[in-house]
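Data block for coords.tsv (TSV, C-alpha atoms):
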```
chain	number	residue	atom	x	y	z
A	1	MET	CA	-112.82	142.65	-97.08
A	2	ARG	CA	-110.44	142.17	-94.16
A	3	ALA	CA	-110.14	138.96	-92.19
A	4	LEU	CA	-107.84	137.20	-89.77
A	5	VAL	CA	-106.27	134.23	-91.51
A	6	VAL	CA	-104.08	131.38	-90.33
A	7	ASP	CA	-100.35	132.16	-90.43
A	8	HIS	CA	-97.88	129.29	-90.10
A	9	GLY	CA	-94.90	131.64	-89.84
A	10	GLU	CA	-93.12	132.91	-86.75
A	11	ALA	CA	-95.36	135.98	-86.62
A	12	GLY	CA	-98.52	133.80	-86.36
A	13	PRO	CA	-100.83	132.25	-85.43
A	14	VAL	CA	-103.03	134.73	-87.33
A	15	ARG	CA	-102.54	137.80	-89.51
A	16	PHE	CA	-104.73	140.25	-91.38
A	17	ALA	CA	-105.39	139.68	-95.06
A	18	ASP	CA	-107.74	140.85	-97.78
A	19	VAL	CA	-110.04	137.98	-98.77
A	20	ASP	CA	-112.94	137.49	-101.15
A	21	GLU	CA	-116.43	138.43	-100.07
A	22	PRO	CA	-118.44	135.38	-98.93
A	23	VAL	CA	-121.12	134.05	-101.26
A	24	PRO	CA	-123.93	132.55	-99.14
A	25	SER	CA	-125.73	129.43	-100.28
A	26	SER	CA	-129.53	129.37	-100.19
A	27	GLY	CA	-129.38	128.02	-96.65
A	28	GLU	CA	-126.91	130.57	-95.26
A	29	ALA	CA	-127.32	134.07	-93.86
A	30	LEU	CA	-124.83	136.85	-94.49
A	31	VAL	CA	-123.71	138.31	-91.17
A	32	GLU	CA	-121.79	141.53	-90.65
A	33	ILE	CA	-119.40	140.75	-87.79
A	34	ARG	CA	-119.08	143.32	-85.00
A	35	HIS	CA	-117.12	141.34	-82.38
A	36	ILE	CA	-114.98	138.19	-82.32
A	37	GLY	CA	-114.24	135.86	-79.39
A	38	LEU	CA	-110.81	134.28	-79.05
A	39	ASN	CA	-110.19	130.77	-77.72
A	40	PHE	CA	-106.90	129.21	-76.58
A	41	GLY	CA	-107.35	126.01	-78.57
A	42	GLU	CA	-108.00	127.48	-82.00
A	43	LEU	CA	-104.98	129.78	-81.64
A	44	ASN	CA	-102.57	127.35	-79.98
A	45	TYR	CA	-103.30	124.72	-82.63
A	46	ALA	CA	-103.67	127.02	-85.64
A	47	HIS	CA	-101.08	124.91	-87.46
A	48	GLN	CA	-103.78	122.27	-87.88
A	49	TRP	CA	-105.69	124.60	-90.24
A	50	PRO	CA	-104.52	125.49	-93.79
A	51	ALA	CA	-102.34	128.58	-94.06
A	52	GLY	CA	-104.32	131.54	-95.38
A	53	ALA	CA	-107.71	130.18	-94.30
A	54	VAL	CA	-110.04	132.59	-92.51
A	55	HIS	CA	-109.80	131.49	-88.89
A	56	GLY	CA	-112.01	131.62	-85.81
A	57	HIS	CA	-115.23	130.06	-84.60
A	58	ASP	CA	-116.94	132.53	-82.24
A	59	ALA	CA	-118.29	135.96	-83.11
A	60	ALA	CA	-121.36	138.19	-83.00
A	61	GLY	CA	-122.92	140.58	-85.46
A	62	VAL	CA	-126.00	141.55	-87.43
A	63	VAL	CA	-127.75	139.69	-90.25
A	64	VAL	CA	-127.47	141.86	-93.37
A	65	ARG	CA	-129.02	139.29	-95.72
A	66	ALA	CA	-131.30	136.50	-94.57
A	67	ALA	CA	-130.98	132.98	-96.01
A	68	SER	CA	-132.83	132.91	-99.32
A	69	ASP	CA	-134.57	129.63	-98.49
A	70	GLY	CA	-136.40	131.36	-95.64
A	71	SER	CA	-134.56	129.57	-92.84
A	72	GLY	CA	-132.94	131.38	-89.97
A	73	PRO	CA	-133.31	134.92	-88.62
A	74	PRO	CA	-134.44	137.88	-90.75
A	75	GLU	CA	-132.34	140.84	-91.85
A	76	GLY	CA	-131.41	143.13	-88.98
A	77	THR	CA	-131.34	140.41	-86.31
A	78	ARG	CA	-128.49	140.55	-83.82
A	79	VAL	CA	-126.87	137.13	-83.66
A	80	ALA	CA	-124.11	135.18	-81.90
A	81	LEU	CA	-122.05	132.61	-83.81
A	82	GLY	CA	-120.82	129.54	-82.00
A	83	MET	CA	-118.42	126.89	-83.34
A	84	SER	CA	-118.89	128.40	-86.80
A	85	ALA	CA	-115.99	128.06	-89.21
A	86	HIS	CA	-114.23	131.11	-90.70
A	87	ALA	CA	-115.87	133.56	-88.28
A	88	TRP	CA	-113.11	136.17	-87.94
A	89	ALA	CA	-113.93	138.33	-90.94
A	90	GLU	CA	-115.88	141.50	-91.64
A	91	ARG	CA	-118.68	139.44	-93.20
A	92	VAL	CA	-119.47	135.75	-92.89
A	93	ALA	CA	-121.83	133.35	-94.63
A	94	VAL	CA	-123.19	131.09	-91.90
A	95	SER	CA	-125.82	128.41	-91.44
A	96	PRO	CA	-128.68	129.24	-89.05
A	97	ALA	CA	-127.69	126.04	-87.20
A	98	SER	CA	-124.70	127.98	-85.82
A	99	LEU	CA	-126.63	131.13	-84.87
A	100	GLY	CA	-128.32	132.25	-81.69
A	101	THR	CA	-130.51	135.34	-81.60
A	102	VAL	CA	-129.21	137.92	-79.12
A	103	PRO	CA	-132.12	139.26	-77.04
A	104	GLU	CA	-132.67	142.92	-76.27
A	105	GLY	CA	-130.73	143.94	-73.18
A	106	VAL	CA	-127.82	141.61	-73.91
A	107	ASP	CA	-124.63	143.29	-75.13
A	108	LEU	CA	-123.70	141.97	-78.57
A	109	ALA	CA	-120.08	141.70	-77.43
A	110	ASP	CA	-121.15	139.37	-74.62
A	111	GLY	CA	-122.75	137.14	-77.24
A	112	ALA	CA	-119.35	136.80	-78.92
A	113	ALA	CA	-117.92	135.45	-75.64
A	114	LEU	CA	-120.28	132.45	-75.58
A	115	GLY	CA	-119.48	130.13	-78.47
A	116	ILE	CA	-117.12	127.27	-77.73
A	117	ALA	CA	-116.67	128.07	-74.03
A	118	GLY	CA	-120.32	128.51	-73.08
A	119	VAL	CA	-121.64	125.65	-75.19
A	120	THR	CA	-118.96	123.26	-73.91
A	121	ALA	CA	-119.77	124.03	-70.26
A	122	LEU	CA	-123.52	123.71	-70.87
A	123	ARG	CA	-123.30	120.40	-72.72
A	124	VAL	CA	-121.06	118.73	-70.16
A	125	LEU	CA	-123.25	119.82	-67.25
A	126	ARG	CA	-126.32	118.48	-69.04
A	127	LYS	CA	-124.83	114.98	-69.13
A	128	ARG	CA	-126.16	114.23	-65.64
A	129	SER	CA	-128.10	115.83	-62.82
A	130	VAL	CA	-125.83	117.83	-60.54
A	131	LEU	CA	-128.53	118.96	-58.10
A	132	ALA	CA	-127.08	118.78	-54.58
A	133	ARG	CA	-123.97	117.07	-55.94
A	134	ASP	CA	-120.29	118.03	-55.74
A	135	VAL	CA	-118.83	119.43	-58.95
A	136	LEU	CA	-115.17	120.33	-59.52
A	137	VAL	CA	-114.20	122.79	-62.26
A	138	THR	CA	-110.48	122.88	-63.06
A	139	GLY	CA	-109.00	125.90	-64.79
A	140	ALA	CA	-111.96	127.80	-63.38
A	141	SER	CA	-110.53	131.23	-64.23
A	142	GLY	CA	-110.66	130.52	-67.97
A	143	GLY	CA	-113.53	130.98	-70.38
A	144	VAL	CA	-115.03	127.49	-70.05
A	145	GLY	CA	-114.36	127.56	-66.31
A	146	HIS	CA	-116.20	130.83	-65.70
A	147	PHE	CA	-119.27	129.57	-67.53
A	148	ALA	CA	-119.10	126.14	-65.87
A	149	VAL	CA	-118.98	127.60	-62.35
A	150	GLN	CA	-122.06	129.72	-63.04
A	151	LEU	CA	-124.06	127.00	-64.78
A	152	ALA	CA	-123.24	124.34	-62.19
A	153	ALA	CA	-124.34	126.69	-59.41
A	154	LEU	CA	-127.57	127.47	-61.29
A	155	ALA	CA	-128.22	123.73	-61.54
A	156	GLY	CA	-127.96	123.35	-57.76
A	157	ALA	CA	-124.47	121.87	-57.48
A	158	ARG	CA	-121.95	122.41	-54.70
A	159	VAL	CA	-119.19	123.93	-56.81
A	160	THR	CA	-115.46	123.75	-56.15
A	161	ALA	CA	-113.37	125.97	-58.43
A	162	LEU	CA	-109.69	125.12	-58.91
A	163	VAL	CA	-107.29	127.77	-60.21
A	164	GLY	CA	-103.55	127.93	-60.76
A	165	SER	CA	-102.74	130.78	-58.40
A	166	PRO	CA	-104.45	133.00	-55.80
A	167	ASP	CA	-104.62	135.98	-58.16
A	168	ARG	CA	-106.79	133.93	-60.55
A	169	ALA	CA	-109.43	133.28	-57.89
A	170	ALA	CA	-110.98	136.75	-58.04
A	171	GLY	CA	-114.74	136.82	-58.59
A	172	LEU	CA	-115.34	133.08	-58.63
A	173	ARG	CA	-117.25	133.01	-55.35
A	174	GLU	CA	-119.50	135.77	-56.67
A	175	LEU	CA	-120.21	133.59	-59.72
A	176	GLY	CA	-121.37	130.71	-57.53
A	177	ALA	CA	-118.32	128.77	-56.35
A	178	ASP	CA	-118.72	127.46	-52.79
A	179	VAL	CA	-115.00	126.72	-52.49
A	180	VAL	CA	-112.03	128.14	-54.43
A	181	LEU	CA	-108.75	126.21	-54.31
A	182	THR	CA	-105.26	126.51	-55.74
A	183	ASP	CA	-104.35	122.92	-54.83
A	184	LEU	CA	-106.66	119.91	-54.92
A	185	ALA	CA	-104.82	118.52	-51.89
A	186	GLU	CA	-106.50	121.28	-49.86
A	187	THR	CA	-109.83	119.42	-49.83
A	188	GLU	CA	-111.08	115.97	-48.89
A	189	ARG	CA	-114.25	116.35	-50.94
A	190	ARG	CA	-115.21	113.59	-53.34
A	191	PHE	CA	-116.66	114.85	-56.59
A	192	ASP	CA	-119.56	113.46	-58.60
A	193	LEU	CA	-118.52	115.38	-61.71
A	194	VAL	CA	-115.21	116.94	-62.72
A	195	LEU	CA	-115.09	119.31	-65.67
A	196	ASP	CA	-111.38	119.29	-66.49
A	197	THR	CA	-109.92	121.92	-68.80
A	198	VAL	CA	-106.29	121.47	-67.70
A	199	GLY	CA	-105.27	117.84	-68.20
A	200	GLY	CA	-101.81	116.54	-67.31
A	201	PRO	CA	-101.01	115.43	-63.74
A	202	LEU	CA	-104.11	117.24	-62.48
A	203	THR	CA	-106.36	114.72	-64.23
A	204	ALA	CA	-104.75	111.86	-62.30
A	205	GLN	CA	-105.11	113.85	-59.09
A	206	ALA	CA	-108.78	114.51	-59.82
A	207	TRP	CA	-109.32	110.79	-60.40
A	208	SER	CA	-108.26	110.14	-56.82
A	209	SER	CA	-110.84	112.70	-55.67
A	210	LEU	CA	-113.69	111.17	-57.68
A	211	ALA	CA	-116.70	109.75	-55.83
A	212	GLU	CA	-118.14	106.33	-56.64
A	213	GLY	CA	-120.12	106.61	-59.85
A	214	GLY	CA	-118.41	109.92	-60.66
A	215	THR	CA	-117.17	111.09	-64.05
A	216	ILE	CA	-114.28	113.23	-65.22
A	217	HIS	CA	-115.13	115.03	-68.47
A	218	LEU	CA	-112.00	116.01	-70.36
A	219	VAL	CA	-112.74	119.23	-72.22
A	220	GLY	CA	-109.22	120.62	-72.63
A	221	TYR	CA	-105.53	120.12	-71.94
A	222	SER	CA	-104.20	123.63	-71.42
A	223	SER	CA	-101.30	122.30	-69.33
A	224	GLY	CA	-99.84	120.56	-72.38
A	225	GLN	CA	-98.54	117.83	-70.07
A	226	ASP	CA	-99.00	114.06	-70.17
A	227	THR	CA	-101.24	112.30	-67.68
A	228	THR	CA	-99.73	109.31	-65.88
A	229	PHE	CA	-101.75	107.16	-63.50
A	230	PRO	CA	-99.88	105.33	-60.71
A	231	SER	CA	-100.11	101.57	-60.81
A	232	GLY	CA	-103.36	100.24	-59.38
A	233	VAL	CA	-105.33	103.48	-59.07
A	234	LEU	CA	-107.60	102.63	-62.00
A	235	PHE	CA	-108.79	99.49	-60.20
A	236	GLY	CA	-111.52	99.79	-57.61
A	237	PHE	CA	-114.66	98.33	-56.10
A	238	GLY	CA	-118.07	99.96	-55.90
A	239	GLU	CA	-120.02	101.87	-58.52
A	240	PRO	CA	-117.79	102.41	-61.58
A	241	ARG	CA	-116.02	105.72	-62.08
A	242	THR	CA	-115.45	106.94	-65.62
A	243	ILE	CA	-113.36	109.28	-67.74
A	244	ALA	CA	-115.20	110.78	-70.70
A	245	THR	CA	-113.82	112.68	-73.68
A	246	TYR	CA	-115.56	115.67	-75.24
A	247	GLY	CA	-115.90	116.45	-78.92
A	248	ASP	CA	-119.51	117.41	-79.52
A	249	MET	CA	-119.64	119.21	-82.86
A	250	THR	CA	-123.42	119.12	-83.33
A	251	PRO	CA	-125.22	122.38	-84.23
A	252	THR	CA	-125.07	125.02	-81.51
A	253	SER	CA	-128.13	127.19	-82.22
A	254	GLY	CA	-130.31	125.69	-79.47
A	255	ASP	CA	-127.56	125.86	-76.86
A	256	LEU	CA	-126.69	129.44	-77.76
A	257	THR	CA	-130.37	130.38	-77.49
A	258	ASP	CA	-130.56	128.86	-74.00
A	259	LEU	CA	-127.39	130.60	-72.84
A	260	LEU	CA	-128.47	133.96	-74.27
A	261	GLY	CA	-131.82	133.55	-72.52
A	262	LEU	CA	-130.02	133.09	-69.21
A	263	MET	CA	-128.02	136.24	-69.94
A	264	ALA	CA	-131.18	138.19	-70.72
A	265	ALA	CA	-132.69	137.02	-67.42
A	266	GLY	CA	-129.62	138.21	-65.52
A	267	ARG	CA	-128.70	134.68	-64.44
A	268	LEU	CA	-125.52	134.28	-66.50
A	269	SER	CA	-122.74	136.78	-67.14
A	270	ALA	CA	-120.10	136.79	-69.85
A	271	PRO	CA	-116.57	136.40	-68.46
A	272	VAL	CA	-114.88	139.03	-70.63
A	273	GLY	CA	-111.42	139.55	-69.18
A	274	LEU	CA	-109.98	141.54	-72.08
A	275	ARG	CA	-111.74	143.83	-74.55
A	276	GLY	CA	-110.14	145.74	-77.38
A	277	GLY	CA	-110.07	146.30	-81.12
A	278	TRP	CA	-109.22	143.49	-83.48
A	279	GLN	CA	-106.27	145.51	-84.79
A	280	ASP	CA	-104.64	144.60	-81.46
A	281	VAL	CA	-105.06	140.86	-81.97
A	282	ASP	CA	-101.32	140.15	-81.65
A	283	ASP	CA	-101.23	141.69	-78.16
A	284	ALA	CA	-104.38	139.79	-77.22
A	285	VAL	CA	-102.90	136.46	-78.36
A	286	ARG	CA	-99.73	137.06	-76.35
A	287	ALA	CA	-101.79	137.88	-73.26
A	288	LEU	CA	-103.84	134.70	-73.77
A	289	PHE	CA	-100.78	132.48	-74.15
A	290	ALA	CA	-99.14	134.10	-71.11
A	291	ARG	CA	-102.22	133.25	-68.99
A	292	LYS	CA	-102.75	136.94	-68.21
A	293	VAL	CA	-106.46	136.93	-69.06
A	294	HIS	CA	-109.16	135.79	-66.65
A	295	GLY	CA	-112.10	134.66	-68.78
A	296	LYS	CA	-112.61	135.41	-72.46
A	297	ILE	CA	-111.08	137.86	-74.93
A	298	VAL	CA	-113.52	139.80	-77.10
A	299	LEU	CA	-112.24	142.08	-79.86
A	300	ASP	CA	-114.30	144.66	-81.71
A	301	VAL	CA	-114.21	144.55	-85.51
A	302	VAL	CA	-113.36	148.14	-86.42
```

Would you give me this structure, written as structure tokens?
Amino acid sequence: MRALVVDHGEAGPVRFADVDEPVPSSGEALVEIRHIGLNFGELNYAHQWPAGAVHGHDAAGVVVRAASDGSGPPEGTRVALGMSAHAWAERVAVSPASLGTVPEGVDLADGAALGIAGVTALRVLRKRSVLARDVLVTGASGGVGHFAVQLAALAGARVTALVGSPDRAAGLRELGADVVLTDLAETERRFDLVLDTVGGPLTAQAWSSLAEGGTIHLVGYSSGQDTTFPSGVLFGFGEPRTIATYGDMTPTSGDLTDLLGLMAAGRLSAPVGLRGGWQDVDDAVRALFARKVHGKIVLDVV
């Protein structure tokens, strides 16, 4: 079967290869993959995976063989895979702990867009109540950002979306952002929660905009820049402010089910900014690295 595997050469970060058919364990379902979802991190840091390994974590498809131990969804179930290893192949053996059932009325391709981005946004926003509180989402035009804006608004937050340029602001107000900025200096708001996907100097700037008792959750560093805090800014009186890292790798099935339920109810939309066939993966990767895509990239397995 065909799969996208890690390529450490100049043509990388992934290439097509013929690989062995997966052999599911008793606790794994065999899923025929119909769509894959690309993420910046797994592609930008592909060198951290072994060359030739089937790559990717997010996808969606149909169960063609249920787990023999009786766990998980039955044959014929449409499913989304989230944070599941080796997902970018025609067929995948996967634990039910990484599967969410896609309800009727939800496009299977939209399920492939959830995965890392949707689960990350959901888990961070569940860390504290944001009802009637100020939430800042940096890198709001990206995959995590699009989901975070919607979920924060659903939870009753006053949402400020920060993007890198005016052309990346399109549609964010419709998703629930009260304010859309291209420069944090444009507001005097103090934020109770910052979901930061950018890192670098912006993290230090966001710290200065943090309310007493507020938290910055670091969920990405797409800027690739170092963060330097001026002398004295990390000292302060009042309720402590915090910076929290993110690395939750626990099973995603429950979170995917919740997100897919919101989609089915029409309360959450998938931010698919680029759709195509997986044969065009090289073009899709270049568009992702060039910051030309607003939201997620979903490719059809054809």

Please compute the CA of Leu193 (chain A)-CA of Ala161 (chain A) distance, one decimal, in Å.
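Rounded to one decimal, the two atoms are 12.2 Å apart.
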
Output as CSV one row per residue of region 67-153 of chain A within 12 Å of region 280-290 of chain A: the closest atom pair and its distance in Å to one decimal place, counting all atoms listed in the file, sorted by chain and residue number ascending.
```
residue,atom,partner,partner_atom,distance
A:Trp88,CA,A:Val281,CA,11.1
A:Gly142,CA,A:Leu288,CA,9.9
A:Gly143,CA,A:Leu288,CA,10.9
```

File of the preceding selection, C-alpha atoms, as a PDB file, in the frame of the given file:
```pdb
ATOM      1  CA  TRP A  88    -113.110 136.170 -87.940  1.00  0.00           C
ATOM      2  CA  GLY A 142    -110.660 130.520 -67.970  1.00  0.00           C
ATOM      3  CA  GLY A 143    -113.530 130.980 -70.380  1.00  0.00           C
TER       4      GLY A 143
END
```

For Met1 (chain A): contacts at 8 Å, only C-alpha atoms, fewer than 2 positions along chain excluded, given as a ChimeraX atom specification:
/A:3,18-21,89-91

Please compute the CA of Arg241 (chain A)-CA of Gly118 (chain A) distance, one decimal, in Å.
25.7 Å

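Between CA of Val293 (chain A) and CA of Arg168 (chain A) the interatomic distance comes to 9.0 Å.
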
Near-Thr242 (chain A) list (7 Å; all atoms listed in the file; drop same-chain fewer than 4 positions) as a PyMOL selection string
chain A and resi 214-216

With only C-alpha atoms as the counted atoms, please give the residues lying no more than 10 Å from region 261-277 of chain A, apart from itself and same-chain residues fewer than 2 positions off, as number ranges by chain.
A: 35-37, 100-107, 109-114, 118, 141-147, 150-151, 154, 175, 255-259, 279-281, 283-284, 287-288, 292-302

Give as a PyMOL selection string every residue, naming chains and numbers as the document does, that has an atom within 7 Å of (-114.8, 130.7, -93.1), counting all atoms listed in the file.
chain A and resi 54-55+85-87+92

Atoms kept (C-alpha atoms) for selection, written as an mmCIF file, in the frame of the given file:
```cif
data_model
loop_
_atom_site.group_PDB
_atom_site.id
_atom_site.type_symbol
_atom_site.label_atom_id
_atom_site.label_comp_id
_atom_site.auth_asym_id
_atom_site.auth_seq_id
_atom_site.Cartn_x
_atom_site.Cartn_y
_atom_site.Cartn_z
ATOM 1 C CA VAL A 54 -110.040 132.590 -92.510
ATOM 2 C CA HIS A 55 -109.800 131.490 -88.890
ATOM 3 C CA ALA A 85 -115.990 128.060 -89.210
ATOM 4 C CA HIS A 86 -114.230 131.110 -90.700
ATOM 5 C CA ALA A 87 -115.870 133.560 -88.280
ATOM 6 C CA VAL A 92 -119.470 135.750 -92.890
#
```

Go through A:Gly199, A:Thr252, A:Glu212, A:Gly139 and flag the residue nearest Thr228 (chain A), using all atoms listed in the file for the distances.
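Result for the nearest residue to Thr228 (chain A): A:Gly199.
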
Go ahead and find all residues with at least one atom no further than 9 Å from (-130.5, 125.3, -89.1) in the file's coordinates, using all atoms listed in the file; report them as a list of chain:residue names.
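The answer, in the requested form, is A:Gly27, A:Glu28, A:Ser71, A:Gly72, A:Ser95, A:Pro96, A:Ala97, A:Ser98, A:Leu99, A:Pro251, A:Ser253.
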
I'd like to know which of A:Thr250, A:Ser26, A:Ser129, A:Ser222 is closest to Gly164 (chain A), using all atoms listed in the file.
A:Ser222

Pick out the residues sitting within 12 Å of Val198 (chain A), and hand them over as a VMD selection string; count all atoms listed in the file, and ignore anything fewer than 3 positions along from it in its own chain.
chain A and resid 40 to 41 137 to 142 144 to 145 162 to 164 194 to 195 201 to 206 216 to 227

Which residue out of A:Arg173, A:Leu181, A:Ala132, A:Arg190 has the minimum interatomic distance to Ala157 (chain A) when all atoms listed in the file are used?
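The closest residue to Ala157 (chain A) is A:Ala132.
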